[in-house]
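A quick write-up on the structure given underneath.
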Amino acid sequence: MLSVSCLSALLLHTLERRMADAGNKESAPIGGDEFTNTELENNKNNTMVEEGSTLLRRMEISVAEAEKRTGKNTVNMQEIFTVYLIETRPIDAITEGHNPAPDSLWRRYSEFEILRNYLLVTYPFIVVPPLPEKRAEFVWHKLSADNMDPDFVERRRVGLENFLLRVASHSVLSNDKILYHFLTEEHRWKEVVYETGFQAKADSRIKALSATFRVKNPDKRFTEMKHYSDELQSLTSQLLRVRARVADRLYGVYKVHGNYGRVFSEWSALEKEMGDGLQSAGHHMDAYAASVDDMLEEEEHYADQLKEYLFYAEALRAVCRKHELTQYELETASSDLISKKQQREELATGMVRTFSFKGMTNKLFGQETPEQREAKLSLLEEQIVQGEETVTEKTVECEEYVKGAWVDMQRFKEQKDRDLREALIGYAVMQISMCKKGIQVWTNAKECFHKM
Amino acid sequence: MSRTIDAVVSPTQTNTIPADISGQMLDLDEDDDLEVFSKDLTLADGNMFNASMPTSPGSMVNQCKFEEDEESDSKDIFITVDNPESHVTAIETFITYRVLTKTTRSEFDNSEYEVRRRYQDFLWLKGKLEDAHSTLIVHPLPEKFVVKGMVERFNGDFIETRRKALHKFLNRIADHPILSCSEDFKVFLSAQAWELTTYKKQGPGFLSRMGETVRAVANSVRGVKNRPEEFTAIQEYVEDFSNKIGSLDKVTQRIVKEQKEYLEELKEYGPTYTLWSGSEEELAEQLKGVAGCIERCCKETEEQVGHLSDTLVPVLHEYVLCAETLKAVLRRRDNIQAEFEAKNEALATKKVDRDAESSDLGFVWGSLLGKNPEEARHQRQERLDGEIEELKEEIDKLEDRVEWANNALKGDWGRWQRSMRGDLKSAFLSTAEKNVDYYEKCLAVWETFLLSQRTEPSEETDRDNTP
């Protein structure tokens with residue numbers, strides 16, 4: 001059965017292979033209103049790098065180790081935290097036969113979070129890969145919920161590496177400069193990323209995600225995708241919950257058999273003829289009881305694969321919501337424009353098409369002077385011109401967003417189908433291995449019972 | 001150590017004891033009342049075995065062990081217990097079981113009997129057998145009622161478990177060389193209900209049985225002084241065995257409980273995959289496939305738990321009860337020996353009395369009555385001599401009784417150990433086999449699924465083609 005390092009190597013290999021295809025698709029940078037002109041320029045430059053080449057093709061990346069550190073936190077109290085070693089090596093050097101030592105730096109989980117938040121804000125149309133969970137959830141009783149537990153730390157290391165590999169092989173995300181700095185510059189990185197001003201955008205993004213607004217004409221595909229993301233979230237979390245309970249129970253069954261080992265051993269001391277058979281049967285019962293630990297640890301990797309998509313569902317939902325927001329802004333700008341145009345018409349023709357309070361007060365208290373009316377009209381004209389610009393911008397923004405997001409959502413869908421299919425196959429392989437072990441133990445026990 | 005006894009001897013024919021057991025025989029004071037127990041009854045001349053008589057010391061002869069192979073070769077009585085039926089009367093409701101007997105033994109008038117018996121009748125039979133053969137090991141009966149788990153008396157599972165245990169009980173007696181010859185056993189198997197009721201009323205009265213029990217209790221309070229080493233060894237073994245088998249019983253019941261809880265969760269697990277498949281396109285088939293595998297594994301798990309409950313749990317429980325039976329048998333043996341020792345002490349005391357030089361009290365008493373002191377002493381001597389003679393006779397009988405009890409127990413002990421090994425070995429073997437079978441079936445389920453996945457095209461370009 002694949003060990004953890006094999007799994008990540010496999011992942012790396014498959015990601016590389018498959019990102020080759022994804023990278024070949026067109027991936028135009030989307031300029032949102034978040035981007036200044038210079039940023040747009042930079043992005044264009046970045047993508048002018050050979051199409052289809054992602055960072056991962058140029059650089060080998062791994063999260064090699066984890067260590068504990070102590071330090072002062074934000075409220076100046078001592079804390080213990082874990083740091084992870086990121087190692088990078090240029091691929092060219094490797095293929096040329098050199099074996100350079102990797103560059104490396106240490107990062108803690110919170111820095112990964114900052115990176116991801118930056119990416120979420122900067123590329124809202126991308127389904128950004130999720131981080132491994134912050135705290136252990138879906139824990140079954142023997143599994144530790146402690147963040148310091150070595151098994152948890154190890155699984156987190158794998159998850160962080162997985163995150164970096166996914167980001168670095170994404171045709172759009174991999175070109176980001178901040179990402180590059182994250183991987184290569186240990187100390188200045190935090191300042192650099194805060195300088196981008198993403199934090200403010202991050203805050204407003206969160207507000208926007210949970211805001212309620214009624215959008216009239218969202219792209220139907222996005223609405224469907226949003227529903228799907230909700231379902232994916234609830235279905236995978238339900239599955240993970242039940243799986244954890246099943247694992248817990250299975251653990252109990254296996255461990256109780258360990259008692260057979262003890263009692264058989266004690267009983268064998270009493271018996272003459274049955275002694276040998278009982279004693280050796282007892283050993284097999286001990287082995288049976290012990291075997292469950294490894295089996296369930298392996299199953300945790302399967303659970304982690306499902307969890308990744310549980311968290312992906314959230315990212316997917318965010319992309320759909322962002323579309324609704326941009327669409328809403330467009331609709332708002334459009335209806336603003338329409339109402340301004342109407343007002344202009346009313347002022348110009350003196351006809352009141354629709355009821356307005358202004359109109360009423362005018363009738364009651366007399367109309368304005370021609371000069372006042374002129375001033376109003378010219379203001380309106382300005383506003384209309386601006387409004388039309390806004391509408392045009394928003395329309396383009398919306399269209400570009402839809403285009404870019406749809407491409408990435410398709411990529412995501414294909415990736416998801418592939419990954420989950422492999423996960424299910426991996427699960428079947430695990431079950432088979434478990435059955436084979438069971439057959440072996442009980443066949444051995446049977447032999448021993450024969451000797452009784 | 002094991003011997004075969006071929007001949008059957010009636011109480012009146014003392015001369016036909018075959019020579020080959022002569023080495024094992026006691027020196028008997030009495031020639032009549034000789035009973036020899038044989039397993040092979042093909043030579044029987046229609047004797048009635050009066051096993052319900054209280055065992056008199058002189059009528060006991062050494063028990064001999066019988067070889068294992070004999071039991072399977074010459075089985076001449078087949079009993080089944082089945083067909084539980086509920087009976088309702090004005091006073092009570094109870095269950096009867098059909099007891100079907102097929103036999104070629106000559107002391108049975110017919111070759112087939114069908115009777116109905118209730119649990120009380122089985123209890124009666126067990127009591128009679130234990131009375132008649134206090135140091136033989138009688139296989140335990142299922143318990144009167146199960147307190148733990150609050151099982152209803154008329155619950156289907158409970159009745160079935162009990163039926164199987166009753167079936168085993170009767171068959172174990174039928175296999176036993178001595179117990180199967182019991183008259184009470186014969187009556188149990190063959191008499192109609194009213195006949196049995198009448199028969200039950202005969203025999204030593206309630207009061208006399210009470211007397212025996214009181215004596216036994218009194219003796220057990222006194223305790224045995226010189227228990228032979230081998231019985232102490234057996235007792236220690238029984239103590240330890242009782243602990244171990246009790247532990248195994250508990251562990252197995254715990255496993256059953258955990259398995260059942262596992263099964264409950266597993267039953268909810270499969271459906272989560274099915275549910276998910278409803279939201280997926282490409283993945284739907286695989287998800288449904290996994291759901292199907294889990295469901296089939298559920299069925300296998302259910303079967304496996306059932307097997308454990310039906311096969312291993314009852315056997316372990318039986319032997320927990322056996323351990324208690326063994327303890328009781330050892331106690332009864334001890335009591336028999338204690339009674340013998342007590343009488344011996346009484347004899348020693350009497351002898352001391354008789355041999356005492358002077359007896360002031362007697363002299364005073366005698367002179368008060370106007371007797372000659374010499375005469376008084378002489379009378380006293382005679383009286384004591386008589387009592388001593390009586391005691392000696394009683395002691396001889398008791399000694400025989402002890403000897404017989406010890407030999408009976410020794411013989412049955414070996415037999416019991418063999419049965420125990422056989423029963424437990426086969427129960428554990430069966431469990432292990434079933435577990436292998438369980439895992440093999442689950443393995444097949446998942447391998448089939450895996451195969452179905454691997455036959456799909458693995459090239460990405462083909463992925464979008466619908467199969």
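Order determines the names: the first chain of the structure tokens is A, the second B, and so forth; residues in each chain are numbered 1 upward, and ligands are numbered 1 upward as they are shown.
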Taking only C-alpha atoms into account, find every residue of chain B that has an atom no more than 7 Å from chain A, and write it out as a PyMOL selection string. chain B and resi 237+244+248+251+255+258-259+261-262+265-266+269+272+276+282-283+425+428-429+432-433+435-436+439-440+442-443+446-447+450
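What separates CA of Thr96 (chain B) from CA of Leu170 (chain B) is a distance of 14.9 Å.
Between CA of Asp103 (chain A) and CA of Ala168 (chain A) the separation is 16.4 Å.
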